[in-house]
$ cat data.cif   # mmCIF, C-alpha atoms
data_upload
#
loop_
_atom_site.label_atom_id
_atom_site.label_comp_id
_atom_site.auth_asym_id
_atom_site.auth_seq_id
_atom_site.Cartn_x
_atom_site.Cartn_y
_atom_site.Cartn_z
CA ASN I 1443 50.79 83.44 207.16
CA TYR I 1444 50.37 81.10 204.27
CA LEU I 1445 46.59 80.90 203.92
CA CYS I 1446 46.60 83.96 201.65
CA LYS I 1447 49.08 85.19 199.14
CA LYS I 1448 49.36 88.65 197.64
CA TRP I 1449 47.76 89.02 194.21
CA LYS I 1450 47.90 92.45 192.60
CA HIS I 1451 46.01 94.74 195.03
CA SER I 1452 44.38 92.00 197.08
CA PHE I 1453 44.96 88.52 198.44
CA ILE I 1454 43.86 85.09 197.27
CA LEU I 1455 43.74 81.71 198.95
CA GLU I 1456 47.00 79.85 198.50
CA GLY I 1457 46.74 76.41 196.86
CA GLU I 1458 48.81 74.37 199.31
CA ALA I 1459 46.99 75.85 202.29
CA VAL I 1460 43.62 75.09 200.69
CA GLU I 1461 44.61 71.47 200.06
CA GLU I 1462 45.79 71.15 203.65
CA ILE I 1463 42.54 72.60 204.98
CA GLN I 1464 40.42 70.38 202.72
CA THR I 1465 42.33 67.30 203.90
CA PHE I 1466 41.93 68.39 207.53
CA LEU I 1467 38.21 68.95 207.10
CA ASP I 1468 37.64 65.63 205.33
CA ASP I 1469 39.60 63.76 207.99
CA HIS I 1470 37.86 65.43 210.91
CA ILE I 1471 34.40 65.06 209.41
CA VAL I 1472 34.95 61.29 209.13
CA LYS I 1473 36.32 61.12 212.70
CA THR I 1474 33.43 63.19 214.04
CA GLN I 1475 30.84 61.06 212.28
CA THR I 1476 32.53 57.94 213.65
CA MET I 1477 32.41 59.37 217.18
CA LYS I 1478 28.77 60.31 216.69
CA GLY I 1479 27.95 56.66 216.12
CA SER I 1480 29.86 55.39 219.13
CA PRO I 1481 27.84 54.35 222.18
CA TYR I 1482 30.70 55.66 224.36
CA ALA I 1483 30.25 59.20 223.07
CA LYS I 1484 26.51 59.56 223.71
CA PHE I 1485 27.13 61.82 226.71
CA MET I 1486 28.93 64.25 224.36
CA LEU I 1487 26.42 64.07 221.51
CA PRO I 1488 25.42 67.78 221.59
CA GLU I 1489 29.08 68.87 221.34
CA ILE I 1490 29.77 66.30 218.61
CA LEU I 1491 26.78 67.49 216.59
CA GLU I 1492 27.84 71.11 217.00
CA TRP I 1493 31.42 70.29 215.89
CA GLU I 1494 30.12 68.27 212.91
CA LYS I 1495 27.91 71.20 211.86
CA LYS I 1496 30.87 73.59 212.11
CA LEU I 1497 33.07 71.30 210.03
CA LEU I 1498 30.42 70.76 207.35
CA ASN I 1499 29.67 74.49 207.23
CA SER I 1500 33.38 75.21 206.88
CA GLN I 1501 33.65 72.71 204.04
CA ASP I 1502 30.68 74.30 202.25
CA ASN I 1503 32.07 77.81 202.74
CA LEU I 1504 35.47 76.77 201.41
CA GLU I 1505 33.89 75.25 198.30
CA VAL I 1506 31.90 78.43 197.59
CA TRP I 1507 34.93 80.55 198.41
CA LEU I 1508 37.07 78.77 195.82
CA LYS I 1509 34.35 79.21 193.18
CA VAL I 1510 34.04 82.92 193.98
CA GLN I 1511 37.82 83.32 193.88
CA SER I 1512 38.00 81.60 190.50
CA ILE I 1513 35.31 83.85 189.03
CA TRP I 1514 36.82 86.95 190.63
CA LEU I 1515 40.26 86.12 189.21
CA TYR I 1516 38.70 85.76 185.77
CA LEU I 1517 36.59 88.92 185.91
CA ALA I 1518 39.01 91.31 187.65
CA PRO I 1519 41.14 91.91 184.53
CA VAL I 1520 38.02 92.15 182.34
CA PHE I 1521 36.40 94.87 184.43
CA SER I 1522 39.65 96.76 184.89
CA SER I 1523 39.22 97.88 181.28
CA GLU I 1524 37.52 101.27 180.95
CA ASP I 1525 36.09 100.22 177.58
CA ILE I 1526 34.32 97.26 179.14
CA MET I 1527 33.06 99.46 181.98
CA LYS I 1528 31.54 101.86 179.41
CA GLN I 1529 29.98 99.04 177.39
CA MET I 1530 28.61 97.23 180.46
CA PRO I 1531 27.96 99.89 183.13
CA VAL I 1532 25.45 97.88 185.22
CA GLU I 1533 27.63 94.77 185.25
CA GLY I 1534 30.65 96.96 185.98
CA ARG I 1535 28.95 98.50 189.03
CA ASN I 1536 27.92 95.04 190.23
CA PHE I 1537 31.47 93.79 189.84
CA LYS I 1538 32.83 96.79 191.75
CA GLU I 1539 30.58 95.87 194.69
CA VAL I 1540 31.78 92.27 194.61
CA ASP I 1541 35.37 93.42 194.16
CA ARG I 1542 35.15 95.72 197.20
CA ALA I 1543 33.58 92.96 199.33
CA TRP I 1544 36.21 90.46 198.15
CA LYS I 1545 39.14 92.75 198.88
CA ASN I 1546 37.77 93.67 202.33
CA LEU I 1547 37.18 90.01 203.20
CA MET I 1548 40.62 88.93 202.03
CA ALA I 1549 42.39 91.78 203.85
CA ARG I 1550 40.52 90.84 207.03
CA ILE I 1551 41.49 87.20 206.62
CA ASN I 1552 45.09 88.05 205.88
CA GLU I 1553 45.24 89.82 209.27
CA ASN I 1554 44.08 86.69 211.12
CA PRO I 1555 44.45 83.65 208.86
CA ALA I 1556 43.71 80.86 211.37
CA ALA I 1557 41.34 78.55 209.49
CA LEU I 1558 38.84 78.05 212.31
CA THR I 1559 38.77 81.78 213.03
CA VAL I 1560 38.16 82.50 209.36
CA MET I 1561 35.36 79.95 209.09
CA ASP I 1562 33.72 81.50 212.18
CA ILE I 1563 33.28 84.87 210.47
CA GLU I 1564 29.50 85.18 210.78
CA GLU I 1565 28.88 86.94 207.50
CA LEU I 1566 31.32 84.76 205.51
CA GLY I 1567 28.53 82.88 203.75
CA GLU I 1568 26.67 86.11 202.98
CA ILE I 1569 29.78 87.79 201.59
CA LEU I 1570 30.65 84.82 199.41
CA ASN I 1571 27.12 84.46 198.10
CA CYS I 1572 26.62 88.14 197.22
#
$ encode --input "data.cif" --output "structure tokens"
Amino acid sequence: NYLCKKWKHSFILEGEAVEEIQTFLDDHIVKTQTMKGSPYAKFMLPEILEWEKKLLNSQDNLEVWLKVQSIWLYLAPVFSSEDIMKQMPVEGRNFKEVDRAWKNLMARINENPAALTVMDIEELGEILNC
């Protein structure tokens, strides 16, 4: 398992794995779009369109995921301070919700890190956009 690496009491996406996945997605999106334009692939057009949608959705989710991870990594130490939690109770409660969702998502992904399985998690977009 190299998609995630341990970070304090959770997991984060590992840089090399992310680069590999981004390269894979870019490559397969181009190949899929090329196939979509081929007259020899017209009989498979519904499957090609479905695969293209899955790849583009995965690319979008990964982009949002990396943004969320970056923000979470920045805010986790800030909101671990009791002083900050007292000064900003509403924001602290909001961060705790995000923190719980993040840790649950990352633990779930660490159990089954196959990229296509991860990107098929139905509520992935919802979790990342909360």
$ closest_residue --input "data.cif" --among "I:Gly1567, I:Pro1555, I:Gly1479, I:Pro1519" --to "Asp1541 (chain I)" --atoms "only C-alpha atoms"
I:Pro1519
$ residues_near_point --input "data.cif" --point "(36.4, 69.7, 206.1)" --cutoff "6 Å" --atoms "only C-alpha atoms" --output "ChimeraX atom specification"
/I:1464,1466-1468,1497,1501
$ atom_distance --input "data.cif" --atom1 "CA of Leu1455 (chain I)" --atom2 "CA of Glu1568 (chain I)"
18.1 Å
$ residues_around --input "data.cif" --residues "Pro1488 (chain I)" --least-positions-apart "5" --cutoff "12 Å" --atoms "only C-alpha atoms" --output "VMD selection string"
chain I and resid 1474 1477 to 1478 1483 1493 to 1495
$ closest_residue --input "data.cif" --among "I:Ala1518, I:Asp1562, I:Leu1504, I:Asn1546" --to "Gly1534 (chain I)" --atoms "all atoms listed in the file"
I:Ala1518
$ closest_residue --input "data.cif" --among "I:Met1530, I:Ala1459, I:Leu1491, I:Ala1543" --to "Val1510 (chain I)" --atoms "all atoms listed in the file"
I:Ala1543
$ closest_residue --input "data.cif" --among "I:Ala1549, I:Ser1452, I:Ile1490, I:Ile1513" --to "Val1472 (chain I)" --atoms "all atoms listed in the file"
I:Ile1490
$ atom_distance --input "data.cif" --atom1 "CA of Glu1489 (chain I)" --atom2 "CA of Leu1558 (chain I)"
16.2 Å
$ atom_distance --input "data.cif" --atom1 "CA of Ser1523 (chain I)" --atom2 "CA of Met1548 (chain I)"
22.6 Å
$ closest_residue --input "data.cif" --among "I:Val1520, I:Ile1454, I:Leu1515, I:Val1506" --to "Asn1552 (chain I)" --atoms "all atoms listed in the file"
I:Ile1454
